[in-house]
>>> print(open('structure39.csv').read())   # CSV, C-alpha atoms and all ligand atoms
chain,number,residue,atom,x,y,z
E,1,MET,CA,104.3,17.4,95.2
E,2,SER,CA,100.7,16.4,96.0
E,3,THR,CA,99.4,16.9,99.6
E,4,SER,CA,99.6,13.2,100.3
E,5,GLU,CA,103.2,13.2,99.2
E,6,LYS,CA,103.9,16.2,101.4
E,7,VAL,CA,102.4,14.2,104.3
E,8,SER,CA,103.9,10.8,103.5
E,9,ARG,CA,107.4,12.2,103.5
E,10,TRP,CA,107.1,12.2,107.3
E,11,TRP,CA,106.5,8.4,107.2
E,12,ASN,CA,109.6,7.4,109.1
E,13,LEU,CA,108.9,9.7,112.1
E,14,VAL,CA,105.2,8.7,112.0
E,15,ASP,CA,106.1,5.1,112.0
E,16,LYS,CA,108.5,5.5,114.9
E,17,TRP,CA,106.1,7.2,117.2
E,18,ALA,CA,103.0,5.3,116.1
E,19,VAL,CA,104.6,2.0,117.1
E,20,GLN,CA,105.5,3.4,120.5
E,21,VAL,CA,102.0,4.6,121.4
E,22,GLY,CA,100.1,1.9,119.5
E,23,VAL,CA,98.2,4.3,117.2
E,24,SER,CA,97.7,3.5,113.5
E,25,GLN,CA,100.3,5.2,111.3
E,26,SER,CA,97.5,5.9,108.8
E,27,LEU,CA,95.5,7.8,111.4
E,28,ILE,CA,98.5,10.0,112.3
E,29,LEU,CA,99.1,10.7,108.6
E,30,ALA,CA,95.5,11.7,108.2
E,31,VAL,CA,95.7,14.1,111.2
E,32,ILE,CA,98.9,15.6,109.7
E,33,GLN,CA,97.1,16.1,106.3
E,34,GLN,CA,94.1,17.7,107.9
E,35,GLU,CA,96.0,19.9,110.3
E,36,SER,CA,99.0,21.2,108.4
E,37,GLY,CA,99.0,19.6,104.9
E,38,GLY,CA,102.5,18.3,105.9
E,39,ASN,CA,104.0,21.7,106.5
E,40,PRO,CA,106.2,21.5,109.6
E,41,ASN,CA,106.2,25.3,110.1
E,42,ALA,CA,102.5,25.8,110.1
E,43,SER,CA,101.1,27.9,112.9
E,44,ARG,CA,97.7,29.4,113.7
E,45,TYR,CA,97.0,31.9,116.4
E,46,GLU,CA,93.6,31.8,118.1
E,47,PRO,CA,92.8,35.1,119.8
E,48,ALA,CA,89.7,33.8,121.5
E,49,TYR,CA,91.7,31.0,123.1
E,50,GLU,CA,94.2,33.5,124.4
E,51,LYS,CA,91.4,35.6,125.9
E,52,ASN,CA,89.4,32.8,127.4
E,53,TYR,CA,91.8,30.1,128.4
E,54,ILE,CA,95.1,32.0,129.1
E,55,LEU,CA,94.5,35.6,130.0
E,56,GLY,CA,91.4,34.5,132.0
E,57,ASN,CA,93.3,31.6,133.7
E,58,PRO,CA,95.7,32.7,136.4
E,59,GLU,CA,97.4,29.2,136.6
E,60,ARG,CA,98.2,29.2,132.9
E,61,LEU,CA,99.2,32.8,132.9
E,62,ALA,CA,101.7,32.0,135.7
E,63,LEU,CA,103.0,29.0,133.8
E,64,CYS,CA,103.5,31.1,130.7
E,65,LYS,CA,105.5,33.6,132.8
E,66,LYS,CA,107.5,30.8,134.5
E,67,LEU,CA,108.4,29.1,131.2
E,68,GLY,CA,109.1,32.3,129.3
E,69,ILE,CA,106.3,31.7,126.7
E,70,SER,CA,104.2,34.6,125.5
E,71,THR,CA,100.5,34.3,125.8
E,72,HIS,CA,100.3,34.8,122.1
E,73,ASP,CA,102.5,31.8,121.4
E,74,ALA,CA,100.6,29.7,123.9
E,75,ALA,CA,97.4,30.5,122.1
E,76,ALA,CA,98.6,29.2,118.8
E,77,SER,CA,98.8,25.7,117.3
E,78,TRP,CA,102.1,24.6,115.9
E,79,GLY,CA,103.7,22.4,113.4
E,80,LEU,CA,102.7,19.2,111.6
E,81,MET,CA,100.0,18.1,114.0
E,82,GLN,CA,99.0,21.7,115.0
E,83,LEU,CA,99.6,21.2,118.7
E,84,MET,CA,98.9,23.8,121.3
E,85,PHE,CA,101.6,24.5,123.8
E,86,PHE,CA,99.7,23.3,126.9
E,87,THR,CA,98.7,20.1,125.2
E,88,ALA,CA,102.3,19.3,124.3
E,89,TYR,CA,103.5,20.4,127.7
E,90,GLY,CA,101.5,17.5,129.2
E,91,TYR,CA,103.5,15.1,127.2
E,92,GLY,CA,106.9,16.7,127.9
E,93,GLY,CA,107.1,19.6,125.3
E,94,LYS,CA,108.8,22.5,127.1
E,95,THR,CA,109.4,25.1,124.3
E,96,ILE,CA,107.7,26.3,121.1
E,97,LYS,CA,110.9,25.4,119.3
E,98,THR,CA,110.3,21.7,120.1
E,99,LEU,CA,106.8,21.9,118.6
E,100,LEU,CA,108.3,23.0,115.3
E,101,ASP,CA,110.7,20.0,115.3
E,102,PRO,CA,108.8,17.4,113.2
E,103,ASP,CA,110.1,14.5,115.3
E,104,GLN,CA,109.0,16.0,118.6
E,105,ASN,CA,105.7,17.4,117.1
E,106,ILE,CA,104.7,13.9,115.9
E,107,ARG,CA,105.9,12.4,119.2
E,108,PHE,CA,103.6,14.6,121.3
E,109,GLY,CA,100.8,14.5,118.8
E,110,ALA,CA,100.8,10.7,118.6
E,111,ALA,CA,100.9,10.5,122.4
E,112,HIS,CA,97.9,12.8,122.6
E,113,LEU,CA,96.0,10.9,120.0
E,114,GLY,CA,96.8,7.6,121.7
E,115,ALA,CA,95.6,9.0,125.1
E,116,LEU,CA,92.3,10.2,123.6
E,117,ILE,CA,91.7,6.9,121.9
E,118,LYS,CA,92.2,5.1,125.2
E,119,THR,CA,89.8,7.5,126.9
E,120,TYR,CA,87.0,7.4,124.3
E,121,ARG,CA,87.6,3.9,122.9
E,122,SER,CA,86.7,5.2,119.5
E,123,LYS,CA,88.8,6.8,116.8
E,124,GLU,CA,86.0,9.2,115.7
E,125,ALA,CA,85.3,10.4,119.3
E,126,ALA,CA,89.1,10.8,119.9
E,127,LEU,CA,89.4,12.9,116.7
E,128,ALA,CA,86.4,15.0,117.7
E,129,ALA,CA,88.2,15.6,121.0
E,130,TYR,CA,91.5,16.3,119.3
E,131,ASN,CA,89.7,19.1,117.5
E,132,GLY,CA,87.2,20.3,120.1
E,133,GLY,CA,88.1,18.8,123.5
E,134,GLY,CA,85.7,16.9,125.7
E,135,LYS,CA,82.8,18.8,124.2
E,136,GLY,CA,83.8,17.7,120.7
E,137,ALA,CA,83.7,14.0,121.8
E,138,ALA,CA,80.4,14.5,123.5
E,139,ASP,CA,79.0,16.1,120.3
E,140,TRP,CA,80.2,13.1,118.3
E,141,LYS,CA,78.5,10.7,120.8
E,142,ALA,CA,75.3,12.7,120.6
E,143,GLY,CA,75.4,12.6,116.8
E,144,LYS,CA,75.5,16.5,116.5
E,145,GLY,CA,76.9,18.2,113.4
E,146,THR,CA,79.5,20.6,114.8
E,147,ASP,CA,83.0,21.7,113.7
E,148,ALA,CA,84.5,18.9,115.8
E,149,THR,CA,82.3,16.1,114.4
E,150,ARG,CA,82.8,17.3,110.9
E,151,TYR,CA,86.6,17.4,111.6
E,152,ALA,CA,86.4,13.8,112.8
E,153,LYS,CA,84.5,12.7,109.7
E,154,ASN,CA,87.1,14.4,107.4
E,155,VAL,CA,90.0,12.9,109.1
E,156,MET,CA,88.4,9.4,109.1
E,157,ALA,CA,88.0,9.7,105.3
E,158,LEU,CA,91.6,10.6,105.0
E,159,TYR,CA,92.5,7.8,107.4
E,160,GLU,CA,90.7,5.2,105.2
E,161,LYS,CA,92.5,6.6,102.2
E,162,TYR,CA,95.9,6.1,103.7
E,163,ARG,CA,94.9,2.7,105.1
E,164,ASP,CA,93.5,1.4,101.9
E,165,ALA,CA,96.6,2.6,100.0
E,166,ALA,CA,98.7,0.7,102.5
E,167,LEU,CA,96.5,-2.4,102.3
E,168,VAL,CA,96.3,-2.4,98.5
E,169,LYS,CA,99.9,-1.7,97.8
E,170,GLY,CA,101.4,-3.7,100.7
E,171,PRO,CA,104.6,-2.7,102.5
E,172,SER,CA,106.9,-4.2,99.9
E,173,GLU,CA,105.6,-2.0,97.1
E,174,THR,CA,105.7,1.4,98.7
E,175,LYS,CA,108.1,3.2,100.9
E,176,ASP,CA,105.6,5.6,102.2
E,177,LEU,CA,102.9,3.3,103.6
E,178,LYS,CA,103.5,0.4,105.9
E,179,PRO,CA,101.3,-1.9,108.0
E,180,VAL,CA,99.2,-0.3,110.7
E,181,ASN,CA,101.2,-2.0,113.5
E,182,PRO,CA,104.1,-4.4,113.6
E,183,GLY,CA,102.6,-7.7,112.7
E,184,TRP,CA,99.4,-6.2,111.3
E,185,ASN,CA,98.2,-5.8,107.8
E,186,TYR,CA,97.4,-9.4,107.1
E,187,PHE,CA,94.5,-8.7,104.8
E,188,LYS,CA,94.2,-7.1,101.4
E,189,VAL,CA,91.0,-5.2,100.5
E,190,SER,CA,90.7,-7.5,97.5
E,191,GLU,CA,90.1,-10.5,99.8
E,192,PHE,CA,86.7,-9.0,100.7
E,193,VAL,CA,85.3,-8.8,97.2
E,194,CYS,CA,82.0,-10.6,96.4
E,195,LYS,CA,82.7,-14.2,95.6
E,196,CYS,CA,80.3,-14.3,92.6
E,197,GLY,CA,82.7,-12.3,90.5
E,198,CYS,CA,80.6,-9.2,90.2
E,199,GLY,CA,83.4,-7.1,91.7
E,200,THR,CA,81.3,-5.6,94.5
E,201,ASN,CA,83.5,-4.7,97.5
E,202,LYS,CA,82.3,-2.4,100.4
E,203,VAL,CA,84.5,-3.7,103.1
E,204,LYS,CA,84.8,-1.3,106.0
E,205,SER,CA,88.2,-0.5,107.4
E,206,GLY,CA,86.9,-1.2,110.9
E,207,LEU,CA,86.2,-4.8,109.9
E,208,ILE,CA,89.8,-5.1,108.6
E,209,ASP,CA,91.1,-3.7,111.8
E,210,THR,CA,89.1,-6.2,113.8
E,211,LEU,CA,90.3,-9.1,111.7
E,212,ASN,CA,93.9,-8.0,111.9
E,213,ILE,CA,93.7,-8.1,115.7
E,214,ILE,CA,92.1,-11.5,115.6
E,215,ARG,CA,94.7,-12.7,113.1
E,216,GLY,CA,97.6,-11.4,115.3
E,217,THR,CA,96.2,-13.3,118.3
E,218,VAL,CA,95.2,-16.6,116.7
E,219,GLY,CA,98.6,-16.7,115.0
E,220,GLU,CA,97.2,-18.9,112.2
E,221,ALA,CA,96.4,-18.0,108.6
E,222,ILE,CA,92.8,-16.7,108.3
E,223,THR,CA,90.8,-17.1,105.1
E,224,VAL,CA,87.9,-14.9,104.3
E,225,THR,CA,85.3,-17.3,102.8
E,226,SER,CA,82.7,-14.5,102.4
E,227,GLY,CA,83.2,-10.8,102.6
E,228,THR,CA,81.0,-8.3,100.7
E,229,ARG,CA,78.0,-9.8,98.9
E,230,CYS,CA,75.9,-8.3,96.1
E,231,PRO,CA,72.2,-8.9,96.7
E,232,THR,CA,72.1,-11.7,94.1
E,233,HIS,CA,75.0,-13.6,95.7
E,234,ASN,CA,73.6,-13.0,99.2
E,235,LYS,CA,70.4,-14.7,98.2
E,236,LYS,CA,72.3,-17.6,96.7
E,237,ALA,CA,74.6,-17.9,99.8
E,238,GLY,CA,71.4,-18.1,102.0
E,239,GLY,CA,72.0,-14.8,103.7
E,240,VAL,CA,69.2,-12.9,105.4
E,241,ALA,CA,67.7,-10.0,103.4
E,242,ASN,CA,69.4,-7.3,105.5
E,243,SER,CA,72.7,-9.2,105.9
E,244,ASN,CA,75.7,-7.2,107.1
E,245,HIS,CA,77.6,-8.8,104.3
E,246,LEU,CA,75.7,-6.5,101.9
E,247,SER,CA,77.1,-3.3,103.5
E,248,GLY,CA,80.7,-4.6,103.9
E,249,ASP,CA,80.3,-4.8,107.7
E,250,ALA,CA,80.7,-8.6,107.9
E,251,ALA,CA,83.1,-11.4,107.0
E,252,ASP,CA,83.0,-15.2,107.3
E,253,ILE,CA,86.4,-16.5,108.2
E,254,GLN,CA,88.2,-19.8,108.7
E,255,ALA,CA,91.4,-20.1,110.7
E,256,LYS,CA,93.8,-22.9,109.9
E,257,GLY,CA,93.5,-25.7,112.4
E,258,VAL,CA,91.0,-23.9,114.6
E,259,ALA,CA,87.4,-25.1,114.7
E,260,PRO,CA,84.7,-22.3,114.2
E,261,ALA,CA,83.4,-22.6,117.8
E,262,GLU,CA,86.9,-22.5,119.2
E,263,LEU,CA,87.6,-19.4,117.0
E,264,ARG,CA,84.5,-17.8,118.3
E,265,GLY,CA,85.7,-18.4,121.9
E,266,ILE,CA,89.1,-16.8,121.2
E,267,ILE,CA,87.4,-13.8,119.5
E,268,ARG,CA,84.9,-13.4,122.4
E,269,ASN,CA,87.8,-13.4,124.9
E,270,LEU,CA,89.5,-10.6,122.9
E,271,TRP,CA,86.3,-8.6,123.0
E,272,GLU,CA,85.9,-9.1,126.7
E,273,GLN,CA,89.4,-7.8,127.2
E,274,GLY,CA,88.4,-4.7,125.3
E,275,LYS,CA,90.7,-5.4,122.4
E,276,LEU,CA,88.0,-5.5,119.7
E,277,PRO,CA,86.2,-2.2,120.2
E,278,GLU,CA,84.4,-2.4,116.9
E,279,LEU,CA,83.2,-6.0,117.1
E,280,ALA,CA,79.4,-6.3,117.2
E,281,GLY,CA,78.4,-9.7,116.0
E,282,LEU,CA,79.9,-13.2,116.3
E,283,GLY,CA,78.4,-16.4,115.0
E,284,ALA,CA,79.9,-19.9,114.8
E,285,TYR,CA,78.7,-22.1,111.9
E,286,LYS,CA,79.7,-25.6,110.9
E,287,THR,CA,82.5,-24.5,108.6
E,288,PHE,CA,83.2,-20.8,109.4
E,289,THR,CA,82.9,-18.1,112.0
E,290,HIS,CA,80.9,-14.9,111.1
E,291,VAL,CA,82.3,-11.6,112.4
E,292,ASP,CA,80.6,-8.2,112.0
E,293,ILE,CA,80.9,-4.6,113.1
E,294,ALA,CA,77.3,-3.6,112.8
E,295,PRO,CA,76.1,-2.9,116.3
E,296,LYS,CA,72.4,-3.1,117.1
E,297,VAL,CA,73.0,-1.8,120.6
E,298,LYS,CA,76.3,0.1,121.1
E,299,GLY,CA,78.8,-1.8,123.2
E,300,ARG,CA,76.8,-5.1,123.2
E,301,LEU,CA,78.1,-8.2,121.4
E,302,ARG,CA,75.6,-10.4,119.6
E,303,THR,CA,76.7,-14.1,119.6
E,304,TRP,CA,75.0,-17.1,118.2
E,305,ASN,CA,75.5,-20.6,116.8
E,306,GLY,CA,74.5,-21.1,113.2
A,401,ZN,ZN,78.3,-10.5,93.6
A,402,ZN,ZN,78.4,-14.1,107.7
>>> encode(input="structure39.csv", output="structure tokens", more="lines below")
Ligand SMILES: [Zn+2]
Ligand SMILES: [Zn+2]
Amino acid sequence: MSTSEKVSRWWNLVDKWAVQVGVSQSLILAVIQQESGGNPNASRYEPAYEKNYILGNPERLALCKKLGISTHDAAASWGLMQLMFFTAYGYGGKTIKTLLDPDQNIRFGAAHLGALIKTYRSKEAALAAYNGGGKGAADWKAGKGTDATRYAKNVMALYEKYRDAALVKGPSETKDLKPVNPGWNYFKVSEFVCKCGCGTNKVKSGLIDTLNIIRGTVGEAITVTSGTRCPTHNKKAGGVANSNHLSGDAADIQAKGVAPAELRGIIRNLWEQGKLPELAGLGAYKTFTHVDIAPKVKGRLRTWNG
């Protein structure tokens, strides 16, 4: 069995809890691969953690005693998502045995991941925090190369792999991989290929995430009229020299029965509600709406009329 097969066999449980907490199944699968390779009995004892955060922490020491958990066990990470006892305890995990139960392990792990994403509003920062706590997230925001930020990068690469497998194959063709959320997965990666026929396709998963959320809200079919562009095609299409279409960060879209300016308004509203964390640029043209995820200033949305 390959590692991704060992991981994907937990699909049903991943799907169940992912839907409950609103986290991408592919992201949970990626964390499972990184943390345990899909082994439900994995455990890793961290002596430094025991010394610094349990033996040196009277409250936790007392809680260990009260719950009948050894400080050694409380200083280890357990199961598929390699949860530590005190993390799982915050989500309702009361014994080490529950952490070795795949269903409960994914339940607490997904809940934790969901909470971190809500806090940091970024998958990468949440992953850095999953690995290295608040300091990990801060390191990621500061662009530092630390264990936590490298961890986030690794897991994001795995996430894109699971996502793309799901997007390319589609739910009907594989048992292991399903859409990211109920009603999601409206787009195939192939829809973003350069329209000139050269085969160039650099579409970023964040752009697909963004369009999926838009599609789910608009409720009408959305056509990608321009996704990735090769430099030659970009020139022909009248794109600027450094167009975000070149890097796979932009798509021009049309929604059935919705005028471009109206579509821009709908998308802007979603952004204002915090539902499109990755959206960075939004332009309404005569026949299409341009959407991109290439921020010039983090957290600011560029809007224009073409
Ligand atoms: Zn091309
Ligand atoms: Zn465009």
>>> residues_near_ligand(input="structure39.csv", ligand="ligand ZN 401 (chain A)", cutoff="9 Å", atoms="only C-alpha atoms and all ligand atoms", output="number ranges by chain")
E: 193-201, 228-234
>>> closest_residue(input="structure39.csv", among="E:Ser226, E:Thr98, E:Asn57, E:Thr303", to="ligand ZN 402 (chain A)", atoms="all atoms listed in the file")
E:Ser226
>>> closest_residue(input="structure39.csv", among="E:His290, E:Lys188, E:Lys204, E:Lys235", to="ligand ZN 402 (chain A)", atoms="only C-alpha atoms and all ligand atoms")
E:His290
>>> residues_around(input="structure39.csv", residues="Gln25 in chain E", least_positions_apart="3", cutoff="7 Å", atoms="all atoms listed in the file", output="list in words")
Val14, Asp15, Ala18, Ile28, Leu29 and Val180 of chain E
>>> residues_near_ligand(input="structure39.csv", ligand="ligand ZN 402 (chain A)", cutoff="6 Å", atoms="all atoms listed in the file", output="count of residues only")
4
>>> closest_residue(input="structure39.csv", among="E:Lys65, E:Ile214, E:Val31, E:Ile222", to="Ala128 in chain E", atoms="all atoms listed in the file")
E:Val31
>>> atom_distance(input="structure39.csv", atom1="CA of Asn305 in chain E", atom2="CA of Leu270 in chain E")
18.3 Å
>>> residues_near_point(input="structure39.csv", point="(88.9, -16.1, 106.0)", cutoff="7 Å", atoms="all atoms listed in the file", output="list of chain:residue names")
E:Ile222, E:Thr223, E:Val224, E:Thr225, E:Asp252, E:Ile253, E:Gln254, E:Ala255
>>> closest_residue(input="structure39.csv", among="E:Gly299, E:Leu158, E:Trp17, E:Glu278", to="Thr3 in chain E", atoms="only C-alpha atoms")
E:Leu158
>>> residues_around(input="structure39.csv", residues="Ile117 in chain E", least_positions_apart="5", cutoff="7 Å", atoms="all atoms listed in the file", output="PyMOL selection string")
chain E and resi 122-123+126
>>> atom_distance(input="structure39.csv", atom1="CA of Gln104 in chain E", atom2="CA of Ala48 in chain E")
26.4 Å
>>> atom_distance(input="structure39.csv", atom1="CA of Phe187 in chain E", atom2="CA of Arg215 in chain E")
9.2 Å
>>> closest_residue(input="structure39.csv", among="E:Lys141, E:Lys286, E:Lys202, E:Arg44", to="Ser247 in chain E", atoms="all atoms listed in the file")
E:Lys202
>>> residues_near_point(input="structure39.csv", point="(79.4, -0.9, 116.7)", cutoff="8 Å", atoms="all atoms listed in the file", output="mmCIF file with C-alpha atoms, in the frame of the given file")
data_model
loop_
_atom_site.group_PDB
_atom_site.id
_atom_site.type_symbol
_atom_site.label_atom_id
_atom_site.label_comp_id
_atom_site.auth_asym_id
_atom_site.auth_seq_id
_atom_site.Cartn_x
_atom_site.Cartn_y
_atom_site.Cartn_z
ATOM 1 C CA PRO E 277 86.200 -2.200 120.200
ATOM 2 C CA GLU E 278 84.400 -2.400 116.900
ATOM 3 C CA LEU E 279 83.200 -6.000 117.100
ATOM 4 C CA ALA E 280 79.400 -6.300 117.200
ATOM 5 C CA ILE E 293 80.900 -4.600 113.100
ATOM 6 C CA ALA E 294 77.300 -3.600 112.800
ATOM 7 C CA PRO E 295 76.100 -2.900 116.300
ATOM 8 C CA LYS E 296 72.400 -3.100 117.100
ATOM 9 C CA VAL E 297 73.000 -1.800 120.600
ATOM 10 C CA LYS E 298 76.300 0.100 121.100
ATOM 11 C CA GLY E 299 78.800 -1.800 123.200
#
>>> closest_residue(input="structure39.csv", among="E:Ala30, E:Ile213, E:Val240, E:Leu80", to="Tyr162 in chain E", atoms="all atoms listed in the file")
E:Ala30
>>> residues_around(input="structure39.csv", residues="Tyr159 in chain E", least_positions_apart="3", cutoff="7 Å", atoms="all atoms listed in the file", output="PDB file with C-alpha atoms, in the coordinates of the input")
ATOM      1  CA  SER E  26      97.500   5.900 108.800  1.00  0.00           C
ATOM      2  CA  LEU E  27      95.500   7.800 111.400  1.00  0.00           C
ATOM      3  CA  ALA E  30      95.500  11.700 108.200  1.00  0.00           C
ATOM      4  CA  VAL E 155      90.000  12.900 109.100  1.00  0.00           C
ATOM      5  CA  MET E 156      88.400   9.400 109.100  1.00  0.00           C
ATOM      6  CA  TYR E 162      95.900   6.100 103.700  1.00  0.00           C
ATOM      7  CA  ARG E 163      94.900   2.700 105.100  1.00  0.00           C
TER       8      ARG E 163
END
>>> residues_around(input="structure39.csv", residues="Cys64 in chain E", least_positions_apart="3", cutoff="12 Å", atoms="all atoms listed in the file", output="VMD selection string")
chain E and resid 50 53 to 55 57 to 61 67 to 75 85 to 86 89 94 to 96
>>> residues_around(input="structure39.csv", residues="range 108-113 of chain E", least_positions_apart="5", cutoff="8 Å", atoms="all atoms listed in the file", output="JSON list (two decimals) with C-alpha atoms, in the coordinates of the input")
[["chain", "number", "residue", "atom", "x", "y", "z"],
["E", 17, "TRP", "CA", 106.10, 7.20, 117.20],
["E", 18, "ALA", "CA", 103.00, 5.30, 116.10],
["E", 21, "VAL", "CA", 102.00, 4.60, 121.40],
["E", 23, "VAL", "CA", 98.20, 4.30, 117.20],
["E", 28, "ILE", "CA", 98.50, 10.00, 112.30],
["E", 81, "MET", "CA", 100.00, 18.10, 114.00],
["E", 83, "LEU", "CA", 99.60, 21.20, 118.70],
["E", 87, "THR", "CA", 98.70, 20.10, 125.20],
["E", 88, "ALA", "CA", 102.30, 19.30, 124.30],
["E", 91, "TYR", "CA", 103.50, 15.10, 127.20],
["E", 92, "GLY", "CA", 106.90, 16.70, 127.90],
["E", 93, "GLY", "CA", 107.10, 19.60, 125.30],
["E", 126, "ALA", "CA", 89.10, 10.80, 119.90],
["E", 127, "LEU", "CA", 89.40, 12.90, 116.70],
["E", 130, "TYR", "CA", 91.50, 16.30, 119.30]]
>>> build_atoms(input="structure39.csv", residues="range 126-140 of chain E", atoms="N, CA and C atoms", output="PDB file, keeping the file's coordinate frame")
ATOM      1  N   ALA E 126      87.734  10.253 119.531  1.00  0.00           N
ATOM      2  CA  ALA E 126      89.100  10.800 119.900  1.00  0.00           C
ATOM      3  C   ALA E 126      89.424  11.927 118.939  1.00  0.00           C
ATOM      4  N   LEU E 127      89.097  11.787 117.674  1.00  0.00           N
ATOM      5  CA  LEU E 127      89.400  12.900 116.700  1.00  0.00           C
ATOM      6  C   LEU E 127      88.564  14.101 117.007  1.00  0.00           C
ATOM      7  N   ALA E 128      87.302  13.886 117.345  1.00  0.00           N
ATOM      8  CA  ALA E 128      86.400  15.000 117.700  1.00  0.00           C
ATOM      9  C   ALA E 128      87.016  15.741 118.912  1.00  0.00           C
ATOM     10  N   ALA E 129      87.595  14.976 119.846  1.00  0.00           N
ATOM     11  CA  ALA E 129      88.200  15.600 121.000  1.00  0.00           C
ATOM     12  C   ALA E 129      89.535  16.246 120.673  1.00  0.00           C
ATOM     13  N   TYR E 130      90.257  15.684 119.735  1.00  0.00           N
ATOM     14  CA  TYR E 130      91.500  16.300 119.300  1.00  0.00           C
ATOM     15  C   TYR E 130      91.242  17.698 118.774  1.00  0.00           C
ATOM     16  N   ASN E 131      90.117  17.840 118.113  1.00  0.00           N
ATOM     17  CA  ASN E 131      89.700  19.100 117.500  1.00  0.00           C
ATOM     18  C   ASN E 131      89.002  20.023 118.537  1.00  0.00           C
ATOM     19  N   GLY E 132      88.076  19.430 119.292  1.00  0.00           N
ATOM     20  CA  GLY E 132      87.200  20.300 120.100  1.00  0.00           C
ATOM     21  C   GLY E 132      87.115  19.893 121.572  1.00  0.00           C
ATOM     22  N   GLY E 133      88.119  19.155 122.059  1.00  0.00           N
ATOM     23  CA  GLY E 133      88.100  18.800 123.500  1.00  0.00           C
ATOM     24  C   GLY E 133      87.003  17.867 123.875  1.00  0.00           C
ATOM     25  N   GLY E 134      86.737  17.802 125.172  1.00  0.00           N
ATOM     26  CA  GLY E 134      85.700  16.900 125.700  1.00  0.00           C
ATOM     27  C   GLY E 134      84.338  17.208 125.085  1.00  0.00           C
ATOM     28  N   LYS E 135      84.084  18.473 124.786  1.00  0.00           N
ATOM     29  CA  LYS E 135      82.800  18.800 124.200  1.00  0.00           C
ATOM     30  C   LYS E 135      82.694  18.253 122.781  1.00  0.00           C
ATOM     31  N   GLY E 136      83.801  18.241 122.066  1.00  0.00           N
ATOM     32  CA  GLY E 136      83.800  17.700 120.700  1.00  0.00           C
ATOM     33  C   GLY E 136      83.443  16.194 120.759  1.00  0.00           C
ATOM     34  N   ALA E 137      84.031  15.464 121.713  1.00  0.00           N
ATOM     35  CA  ALA E 137      83.700  14.000 121.800  1.00  0.00           C
ATOM     36  C   ALA E 137      82.271  13.819 122.207  1.00  0.00           C
ATOM     37  N   ALA E 138      81.767  14.666 123.088  1.00  0.00           N
ATOM     38  CA  ALA E 138      80.400  14.500 123.500  1.00  0.00           C
ATOM     39  C   ALA E 138      79.437  14.818 122.317  1.00  0.00           C
ATOM     40  N   ASP E 139      79.786  15.812 121.509  1.00  0.00           N
ATOM     41  CA  ASP E 139      79.000  16.100 120.300  1.00  0.00           C
ATOM     42  C   ASP E 139      78.973  14.919 119.364  1.00  0.00           C
ATOM     43  N   TRP E 140      80.130  14.288 119.228  1.00  0.00           N
ATOM     44  CA  TRP E 140      80.200  13.100 118.300  1.00  0.00           C
ATOM     45  C   TRP E 140      79.293  12.009 118.875  1.00  0.00           C
TER      46      TRP E 140
END
